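Enquirer: Dumping the structure here so I can ask a few things about it.
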Amino acid sequence: MRLRTRLLHTLAATLIVMTAMVTVGLTAPADAAFAITIRPVFATLGIDVDVKLGAMHLHLAWSAIPPTPSSTKPAGPLF
């Protein structure tokens, strides 16, 4: 089997497995061993994604509005 064909088969198998994992994770109950939760955050036009796999918990937050500094003044000495 040529290397290119083997790489394409590996890529296709990886895409199928990842699609299955995301589907199972999105439809699983929150207290399951593997769960994916996606919540919209309307205040910042973003999303929060939580991935739980056993005892491991991963969190990803994305916002369309970048955080801005509280002041437009340049930082200077405090006194």
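Ordered as shown in the structure tokens, chains take letters A, B, and onward, while each chain numbers its residues from 1 and ligands are numbered from 1 in the order shown.
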Residues of chain A in alpha helix (DSSP H) according to DSSP, as a ChimeraX atom specification?
Expert: /A:3-27
Enquirer: Could you save those same residues with N, CA and C atoms as a PDB file, in the first residue's frame?
Expert:
```pdb
ATOM      1  N   LEU A   3       2.177   5.050   0.644  1.00  0.00           N
ATOM      2  CA  LEU A   3       2.160   5.902   1.832  1.00  0.00           C
ATOM      3  C   LEU A   3       1.006   6.900   1.777  1.00  0.00           C
ATOM      4  N   ARG A   4       0.755   7.452   0.613  1.00  0.00           N
ATOM      5  CA  ARG A   4      -0.320   8.443   0.479  1.00  0.00           C
ATOM      6  C   ARG A   4      -1.676   7.823   0.786  1.00  0.00           C
ATOM      7  N   THR A   5      -1.927   6.621   0.291  1.00  0.00           N
ATOM      8  CA  THR A   5      -3.193   5.934   0.550  1.00  0.00           C
ATOM      9  C   THR A   5      -3.326   5.611   2.036  1.00  0.00           C
ATOM     10  N   ARG A   6      -2.247   5.166   2.641  1.00  0.00           N
ATOM     11  CA  ARG A   6      -2.274   4.847   4.068  1.00  0.00           C
ATOM     12  C   ARG A   6      -2.564   6.094   4.897  1.00  0.00           C
ATOM     13  N   LEU A   7      -1.952   7.225   4.539  1.00  0.00           N
ATOM     14  CA  LEU A   7      -2.209   8.482   5.258  1.00  0.00           C
ATOM     15  C   LEU A   7      -3.658   8.934   5.094  1.00  0.00           C
ATOM     16  N   LEU A   8      -4.205   8.793   3.904  1.00  0.00           N
ATOM     17  CA  LEU A   8      -5.602   9.173   3.688  1.00  0.00           C
ATOM     18  C   LEU A   8      -6.553   8.274   4.479  1.00  0.00           C
ATOM     19  N   HIS A   9      -6.266   6.988   4.558  1.00  0.00           N
ATOM     20  CA  HIS A   9      -7.090   6.073   5.352  1.00  0.00           C
ATOM     21  C   HIS A   9      -7.005   6.416   6.839  1.00  0.00           C
ATOM     22  N   THR A  10      -5.809   6.747   7.292  1.00  0.00           N
ATOM     23  CA  THR A  10      -5.623   7.130   8.695  1.00  0.00           C
ATOM     24  C   THR A  10      -6.376   8.419   9.006  1.00  0.00           C
ATOM     25  N   LEU A  11      -6.303   9.383   8.111  1.00  0.00           N
ATOM     26  CA  LEU A  11      -7.021  10.644   8.297  1.00  0.00           C
ATOM     27  C   LEU A  11      -8.532  10.416   8.318  1.00  0.00           C
ATOM     28  N   ALA A  12      -9.046   9.606   7.417  1.00  0.00           N
ATOM     29  CA  ALA A  12     -10.480   9.316   7.381  1.00  0.00           C
ATOM     30  C   ALA A  12     -10.922   8.601   8.654  1.00  0.00           C
ATOM     31  N   ALA A  13     -10.131   7.646   9.118  1.00  0.00           N
ATOM     32  CA  ALA A  13     -10.481   6.927  10.352  1.00  0.00           C
ATOM     33  C   ALA A  13     -10.459   7.869  11.551  1.00  0.00           C
ATOM     34  N   THR A  14      -9.486   8.770  11.598  1.00  0.00           N
ATOM     35  CA  THR A  14      -9.407   9.744  12.691  1.00  0.00           C
ATOM     36  C   THR A  14     -10.615  10.668  12.683  1.00  0.00           C
ATOM     37  N   LEU A  15     -11.024  11.136  11.531  1.00  0.00           N
ATOM     38  CA  LEU A  15     -12.210  12.001  11.437  1.00  0.00           C
ATOM     39  C   LEU A  15     -13.478  11.267  11.886  1.00  0.00           C
ATOM     40  N   ILE A  16     -13.602  10.014  11.520  1.00  0.00           N
ATOM     41  CA  ILE A  16     -14.779   9.236  11.919  1.00  0.00           C
ATOM     42  C   ILE A  16     -14.796   9.046  13.436  1.00  0.00           C
ATOM     43  N   VAL A  17     -13.652   8.706  14.027  1.00  0.00           N
ATOM     44  CA  VAL A  17     -13.583   8.502  15.477  1.00  0.00           C
ATOM     45  C   VAL A  17     -13.850   9.804  16.222  1.00  0.00           C
ATOM     46  N   MET A  18     -13.272  10.915  15.762  1.00  0.00           N
ATOM     47  CA  MET A  18     -13.498  12.202  16.428  1.00  0.00           C
ATOM     48  C   MET A  18     -14.957  12.636  16.333  1.00  0.00           C
ATOM     49  N   THR A  19     -15.593  12.409  15.189  1.00  0.00           N
ATOM     50  CA  THR A  19     -17.010  12.726  15.038  1.00  0.00           C
ATOM     51  C   THR A  19     -17.850  11.899  16.000  1.00  0.00           C
ATOM     52  N   ALA A  20     -17.527  10.629  16.130  1.00  0.00           N
ATOM     53  CA  ALA A  20     -18.259   9.766  17.062  1.00  0.00           C
ATOM     54  C   ALA A  20     -18.059  10.218  18.503  1.00  0.00           C
ATOM     55  N   MET A  21     -16.824  10.587  18.873  1.00  0.00           N
ATOM     56  CA  MET A  21     -16.562  11.042  20.243  1.00  0.00           C
ATOM     57  C   MET A  21     -17.318  12.325  20.567  1.00  0.00           C
ATOM     58  N   VAL A  22     -17.337  13.265  19.636  1.00  0.00           N
ATOM     59  CA  VAL A  22     -18.064  14.513  19.862  1.00  0.00           C
ATOM     60  C   VAL A  22     -19.562  14.251  19.960  1.00  0.00           C
ATOM     61  N   THR A  23     -20.086  13.389  19.121  1.00  0.00           N
ATOM     62  CA  THR A  23     -21.514  13.071  19.163  1.00  0.00           C
ATOM     63  C   THR A  23     -21.885  12.428  20.484  1.00  0.00           C
ATOM     64  N   VAL A  24     -21.103  11.475  20.935  1.00  0.00           N
ATOM     65  CA  VAL A  24     -21.385  10.818  22.213  1.00  0.00           C
ATOM     66  C   VAL A  24     -21.227  11.810  23.357  1.00  0.00           C
ATOM     67  N   GLY A  25     -20.201  12.635  23.309  1.00  0.00           N
ATOM     68  CA  GLY A  25     -19.971  13.600  24.376  1.00  0.00           C
ATOM     69  C   GLY A  25     -21.053  14.654  24.474  1.00  0.00           C
ATOM     70  N   LEU A  26     -21.580  15.102  23.352  1.00  0.00           N
ATOM     71  CA  LEU A  26     -22.630  16.129  23.373  1.00  0.00           C
ATOM     72  C   LEU A  26     -23.964  15.579  23.854  1.00  0.00           C
ATOM     73  N   THR A  27     -24.229  14.311  23.598  1.00  0.00           N
ATOM     74  CA  THR A  27     -25.517  13.738  23.982  1.00  0.00           C
ATOM     75  C   THR A  27     -25.488  13.054  25.332  1.00  0.00           C
TER      76      THR A  27
END
```
Enquirer: I want to know what sits within 9 Å of region 28-45 of chain A, based on only C-alpha atoms, with residues of the same chain fewer than 2 positions away left out; could you give that as a list in words?
Expert: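 Listing them by chain and then by number gives Val22, Thr23, Val24, Gly25, Leu26, Ile47, Asp48, Val49, Asp50, Val51, Lys52, Leu53, Gly54, Ala55, Trp62, Ser63, Ala64, Ile65 and Pro66 of chain A.
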Enquirer: Give me, as a list in words, the residues of chain A that a backbone DSSP run labels strand (DSSP E).
Expert: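 Answer for chain A restricted to strand (DSSP E) is Phe34, Ala35, Ile36, Thr37, Ile38, Arg39, Pro40, Val41, Gly46, Ile47, Asp48, Val49, Asp50, Val51, Lys52, Leu53, Met56, His57, Leu58, His59, Leu60, Ala61, Trp62 and Ser63 of chain A.
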Enquirer: Only C-alpha atoms, please: the residues just picked out, written as a compact mmCIF listing (two decimals), in the first residue's frame.
Expert:
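Listed below is the output, out_20.txt:
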```
# COMPACT_ATOMS: atom_id res chain seq x y z
CA PHE A 34 -17.41 11.51 29.26
CA ALA A 35 -19.38 14.65 28.52
CA ILE A 36 -19.03 17.79 26.40
CA THR A 37 -21.02 20.87 27.36
CA ILE A 38 -21.29 23.99 25.19
CA ARG A 39 -22.84 27.11 26.71
CA PRO A 40 -23.34 30.47 25.00
CA VAL A 41 -22.21 33.60 26.82
CA GLY A 46 -18.77 33.99 23.24
CA ILE A 47 -19.02 30.34 24.13
CA ASP A 48 -17.80 28.17 27.00
CA VAL A 49 -16.89 24.57 26.24
CA ASP A 50 -16.40 22.05 29.05
CA VAL A 51 -15.01 18.60 28.34
CA LYS A 52 -15.14 16.03 31.12
CA LEU A 53 -13.31 12.72 30.80
CA MET A 56 -10.08 15.25 34.11
CA HIS A 57 -11.97 18.45 33.34
CA LEU A 58 -10.98 20.80 30.49
CA HIS A 59 -12.44 24.26 29.95
CA LEU A 60 -12.26 26.45 26.84
CA ALA A 61 -13.68 29.96 26.63
CA TRP A 62 -13.89 32.05 23.48
CA SER A 63 -15.26 35.56 23.06
```
